[in-house]
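A.B. asks: Before anything else, here's the structure in question.
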Amino acid sequence: MEEYQQHLGLRDEDIASIKQRVLVPKQAEYERQQQEIERIRQEQQRAEYQRQQAELKEKLESELSENVFQPLSSLGIQTRSFEFETATITVKSGLFGLGKTCEINRDRTQAEFFSENLGYGVVIEMVAIPGGKFLMGSPESEPERRDSEGPQHTVTVQPFFMSKFPVTQSQWAVVAALEKVNIDLENLQPSKFTNANLNLPVEDVSWNDAIEFCARLSHKTEKIYRLPSEAEWEYACRARTTTPFYFGETITTDLANYNGNYTYGAGTKGEYREQTIDVGKFLPNSFGLFNMHGNIWEWCQDAWHENYNGAPADGSPWMSRNDKRLLRGGSWRNDPGYCRSAVRSSYKRDSRSNLVGFRVVVAASYDHESV
């Protein structure tokens, strides 16, 4: 353009006018074309991912119909039903693929539960999780997938009860004051984040602390309380879904507590609360479990393994002599990719962090659960 300007004797303002009339519209049209190409590419990726997940779901439903699971009634616990809303997310694109919004679709369902009275007006609500077979881990096509999430493998899980929420600070305070079973629990309120009603999840507790909590609770109630196995945790989190989150292919801070400065997939940015929030604030999954994505990492029974090669297929904890224990679910500090159903992490069994808490289950025991 500068060469033409010199040859034709054009002024700078003439060149500016030409650029404004000719080049700017062409640049804008090029950018629109690139956005449309990117939109089509993302839609094709989503369609392929949905096809793969539909095939997996059909396969699992076919296998499930061939299995008979131990009835929950065999645990000898009387339950009652509760109704609740669940949510799924649909991502909507604006005109010409510009701009995105997350549309939350709500539905009502119900589940069974029982309440464990701890005294002092504190209870733990335990939700009935039906037995089933599921594909554990994530497919290689899942965005932000890690090698530790594979290989995917089919796991059969017997029915169990899982706490509706992560263990709260009020529940911790009551149980931690009970008689010692194996180790001391020196702090009745270990958490960094607190509020008046103590309805935040307890955090800053180690795996060893959580095991002692379960032992004291078992001794008090004469039921077998323990941490969930990693397989039980993922099965309960997914609640028969195969997508990265039980809400769908993405997540929003309107439904979970994580670092909303970051996005996942086709999702949008949201709020970063910078701490834990009260349990039960957001809608649960279709099993009736709250806060399985974000808010607080949750201890599982299992020892850490780098991947699923050699993992048990019966839902039992996978133990070893190493000092690391499994964490699931992501936390208030993490970006959404760390809060997916399949994500695995670990800490040493005696480590404590304000990112880490736990929830409990009632089910059959395992001989090697405290290794």
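By convention here, the chains of the structure tokens are called A, B, ... in the order presented, each chain's residues are numbered starting at 1, and ligands are numbered starting at 1 in the order presented.
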Mind checking which residues fall within 9 Å of segment 108-124 of chain A, counting only C-alpha atoms, ignoring those fewer than 4 positions away in the same chain, and posting them as a ChimeraX atom specification?

C.D. replies: /A:77-87,128-129,161,163-165,167,170-171,174-175,217,220-221,286-288

A.B. asks: I need the residues of segment 22-270 of chain A that end up classed as alpha helix (DSSP H) by DSSP on the backbone, written out as number ranges by chain.

C.D. replies: A: 24-64, 169-176, 207-221, 230-238

A.B. asks: Could you check which of A:Ala28, A:Gln275, A:Phe134, A:Glu125 is closest to Glu203 of chain A, using only C-alpha atoms?

C.D. replies: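 For Glu203 of chain A, the nearest of the given residues is A:Gln275.
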
A.B. asks: Quote the spacing between atom CA of Ala215 of chain A and atom CA of Asn295 of chain A in Å to one decimal place.

C.D. replies: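 Distance reported for this atom pair: 24.9 Å.
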
A.B. asks: Do you have, as a Markdown table, the list of residues of segment 70-185 of chain A lying at most 9 Å from segment 331-353 of chain A, each with its nearest atom pair and that distance in Å to one decimal, counting only C-alpha atoms and ordered by chain then number?

C.D. replies:
```
| residue | atom | partner | partner_atom | distance |
| --- | --- | --- | --- | --- |
| A:Met136 | CA | A:Ala342 | CA | 7.5 |
| A:Gly137 | CA | A:Ala342 | CA | 5.2 |
| A:Ser138 | CA | A:Ala342 | CA | 5.8 |
| A:Pro143 | CA | A:Gly337 | CA | 8.1 |
| A:Glu144 | CA | A:Gly337 | CA | 6.4 |
| A:Arg145 | CA | A:Val343 | CA | 7.9 |
| A:Arg146 | CA | A:Val343 | CA | 7.7 |
| A:Ser148 | CA | A:Arg344 | CA | 7.0 |
| A:Glu149 | CA | A:Ala342 | CA | 6.2 |
```

A.B. asks: With N, CA and C atoms retained, write the just-selected residues as a JSON list (two decimals), in the first residue's frame.

C.D. replies:
```json
[["chain", "number", "residue", "atom", "x", "y", "z"],
["A", 136, "MET", "N", -15.53, -47.01, 34.46],
["A", 136, "MET", "CA", -14.73, -46.14, 35.32],
["A", 136, "MET", "C", -13.58, -45.52, 34.53],
["A", 137, "GLY", "N", -13.30, -44.25, 34.79],
["A", 137, "GLY", "CA", -12.26, -43.54, 34.06],
["A", 137, "GLY", "C", -12.87, -42.68, 32.97],
["A", 138, "SER", "N", -12.01, -42.08, 32.16],
["A", 138, "SER", "CA", -12.50, -41.19, 31.10],
["A", 138, "SER", "C", -12.01, -41.67, 29.74],
["A", 143, "PRO", "N", -11.93, -33.79, 26.94],
["A", 143, "PRO", "CA", -11.02, -32.64, 27.11],
["A", 143, "PRO", "C", -10.34, -32.64, 28.48],
["A", 144, "GLU", "N", -9.05, -32.33, 28.51],
["A", 144, "GLU", "CA", -8.22, -32.23, 29.72],
["A", 144, "GLU", "C", -8.03, -33.57, 30.42],
["A", 145, "ARG", "N", -8.28, -34.63, 29.70],
["A", 145, "ARG", "CA", -8.11, -35.97, 30.27],
["A", 145, "ARG", "C", -6.65, -36.25, 30.58],
["A", 146, "ARG", "N", -6.39, -36.96, 31.69],
["A", 146, "ARG", "CA", -5.05, -37.33, 32.11],
["A", 146, "ARG", "C", -4.84, -38.84, 31.95],
["A", 148, "SER", "N", -3.73, -40.83, 34.08],
["A", 148, "SER", "CA", -4.12, -41.55, 35.30],
["A", 148, "SER", "C", -5.59, -41.94, 35.29],
["A", 149, "GLU", "N", -6.37, -41.39, 34.36],
["A", 149, "GLU", "CA", -7.81, -41.69, 34.30],
["A", 149, "GLU", "C", -8.11, -42.90, 33.41]]
```

A.B. asks: Taking 3 positions as the minimum chain separation for residues in the same chain, which residues sit within 9 Å of Asp278 of chain A when counting only C-alpha atoms? Answer as number ranges by chain.

C.D. replies: A: 168, 195, 198-201, 281

A.B. asks: Quick one: pick out all strand (DSSP E) residues within segment 93-291 of chain A from a backbone DSSP run and write them as a ChimeraX atom specification.

C.D. replies: /A:93,100-119,122-129,132-136,153-157,160-163,225-226

A.B. asks: Keeping only C-alpha atoms, take the residues you just selected and write them out as a CSV table (one decimal), in the first residue's frame.

C.D. replies:
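So result24.csv came out as:
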```
chain,number,residue,atom,x,y,z
A,93,SER,CA,-24.4,-20.0,21.2
A,100,LYS,CA,-22.3,-18.4,24.8
A,101,THR,CA,-24.6,-18.9,27.7
A,102,CYS,CA,-25.2,-21.9,29.9
A,103,GLU,CA,-28.9,-22.9,30.1
A,104,ILE,CA,-29.8,-24.8,33.2
A,105,ASN,CA,-32.6,-27.4,32.8
A,106,ARG,CA,-34.3,-28.7,36.0
A,107,ASP,CA,-36.1,-31.9,36.7
A,108,ARG,CA,-37.5,-33.6,39.8
A,109,THR,CA,-36.8,-37.0,41.1
A,110,GLN,CA,-36.6,-38.9,44.4
A,111,ALA,CA,-34.3,-41.2,46.3
A,112,GLU,CA,-34.2,-43.2,49.6
A,113,PHE,CA,-32.2,-42.2,52.7
A,114,PHE,CA,-31.9,-42.6,56.4
A,115,SER,CA,-30.8,-40.2,59.1
A,116,GLU,CA,-28.1,-41.0,61.8
A,117,ASN,CA,-28.7,-39.0,64.9
A,118,LEU,CA,-25.4,-37.9,66.4
A,119,GLY,CA,-26.9,-35.9,69.3
A,122,VAL,CA,-26.8,-33.0,64.6
A,123,VAL,CA,-27.6,-35.7,62.1
A,124,ILE,CA,-25.9,-37.3,59.1
A,125,GLU,CA,-28.2,-38.1,56.2
A,126,MET,CA,-27.2,-41.2,54.2
A,127,VAL,CA,-28.5,-41.6,50.7
A,128,ALA,CA,-29.2,-45.1,49.2
A,129,ILE,CA,-27.0,-45.7,46.1
A,132,GLY,CA,-24.8,-51.1,39.2
A,133,LYS,CA,-22.1,-51.5,36.6
A,134,PHE,CA,-20.3,-48.6,35.1
A,135,LEU,CA,-17.3,-47.6,33.0
A,136,MET,CA,-14.7,-46.1,35.3
A,153,HIS,CA,-12.7,-50.4,32.7
A,154,THR,CA,-16.0,-51.9,33.7
A,155,VAL,CA,-16.6,-52.0,37.5
A,156,THR,CA,-19.5,-53.7,39.3
A,157,VAL,CA,-20.6,-51.8,42.4
A,160,PHE,CA,-24.4,-48.8,49.6
A,161,PHE,CA,-25.3,-45.6,51.4
A,162,MET,CA,-23.3,-42.4,51.0
A,163,SER,CA,-23.6,-39.2,53.0
A,225,TYR,CA,-19.0,-46.5,58.5
A,226,ARG,CA,-16.0,-46.0,56.3
```

A.B. asks: May I have the residues within 10 Å of Asn187 of chain A as a list in words, using only C-alpha atoms and disregarding those fewer than 5 positions away in the same chain?

C.D. replies: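 So, after excluding close chain neighbours, the residues are Trp172, Ala173, Ala176, Ala177 and Val205 of chain A.
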
A.B. asks: Please save all heavy atoms of the selected residues as a compact mmCIF listing (two decimals), in the first residue's frame.

C.D. replies:
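As a result, again.txt now contains:
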```txt
# COMPACT_ATOMS: atom_id res chain seq x y z
N TRP A 172 -18.35 -33.14 62.44
CA TRP A 172 -16.99 -33.44 62.90
C TRP A 172 -16.85 -33.17 64.40
O TRP A 172 -16.29 -33.98 65.14
CB TRP A 172 -15.97 -32.62 62.11
CG TRP A 172 -14.58 -32.78 62.64
CD1 TRP A 172 -13.96 -32.03 63.61
CD2 TRP A 172 -13.63 -33.79 62.27
NE1 TRP A 172 -12.70 -32.49 63.85
CE2 TRP A 172 -12.47 -33.57 63.05
CE3 TRP A 172 -13.65 -34.84 61.36
CZ2 TRP A 172 -11.34 -34.37 62.92
CZ3 TRP A 172 -12.52 -35.63 61.23
CH2 TRP A 172 -11.39 -35.40 62.01
N ALA A 173 -17.35 -32.01 64.84
CA ALA A 173 -17.18 -31.62 66.25
C ALA A 173 -17.80 -32.64 67.19
O ALA A 173 -17.23 -32.99 68.23
CB ALA A 173 -17.79 -30.24 66.48
N ALA A 176 -15.77 -36.10 66.79
CA ALA A 176 -14.40 -35.98 67.28
C ALA A 176 -14.34 -35.92 68.80
O ALA A 176 -13.29 -36.20 69.40
CB ALA A 176 -13.74 -34.73 66.69
N ALA A 177 -15.46 -35.58 69.42
CA ALA A 177 -15.52 -35.54 70.90
C ALA A 177 -15.81 -36.91 71.50
O ALA A 177 -15.75 -37.06 72.73
CB ALA A 177 -16.58 -34.54 71.35
N VAL A 205 -8.24 -31.87 57.38
CA VAL A 205 -8.19 -33.16 58.08
C VAL A 205 -7.47 -34.17 57.20
O VAL A 205 -7.65 -34.19 55.98
CB VAL A 205 -9.60 -33.67 58.45
CG1 VAL A 205 -10.22 -32.79 59.52
CG2 VAL A 205 -10.50 -33.75 57.22
```

A.B. asks: Where does segment 291-365 of chain A meet segment 247-256 of chain A within 7 Å, residue by residue, with the nearest atom pair and distance in Å to one decimal for each, counting only C-alpha atoms, listed by chain and rising number, as a tab-separated table?

C.D. replies:
```
residue	atom	partner	partner_atom	distance
A:Asn291	CA	A:Ala256	CA	6.8
A:His293	CA	A:Ala256	CA	6.3
A:Gly294	CA	A:Ala256	CA	6.0
```

A.B. asks: Between A:Asp184, A:Glu274, A:Glu232, A:Glu222, which has the minimum distance to Cys300 of chain A (counting only C-alpha atoms)?

C.D. replies: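 Selected residue with least distance to Cys300 of chain A: A:Glu232.
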
A.B. asks: Which residue out of A:Gly315, A:Pro190, A:Pro25, A:Pro130 has the minimum interatomic distance to Asn354 of chain A when only C-alpha atoms are used?

C.D. replies: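 Ranked by minimum distance to Asn354 of chain A, first place goes to A:Pro190.
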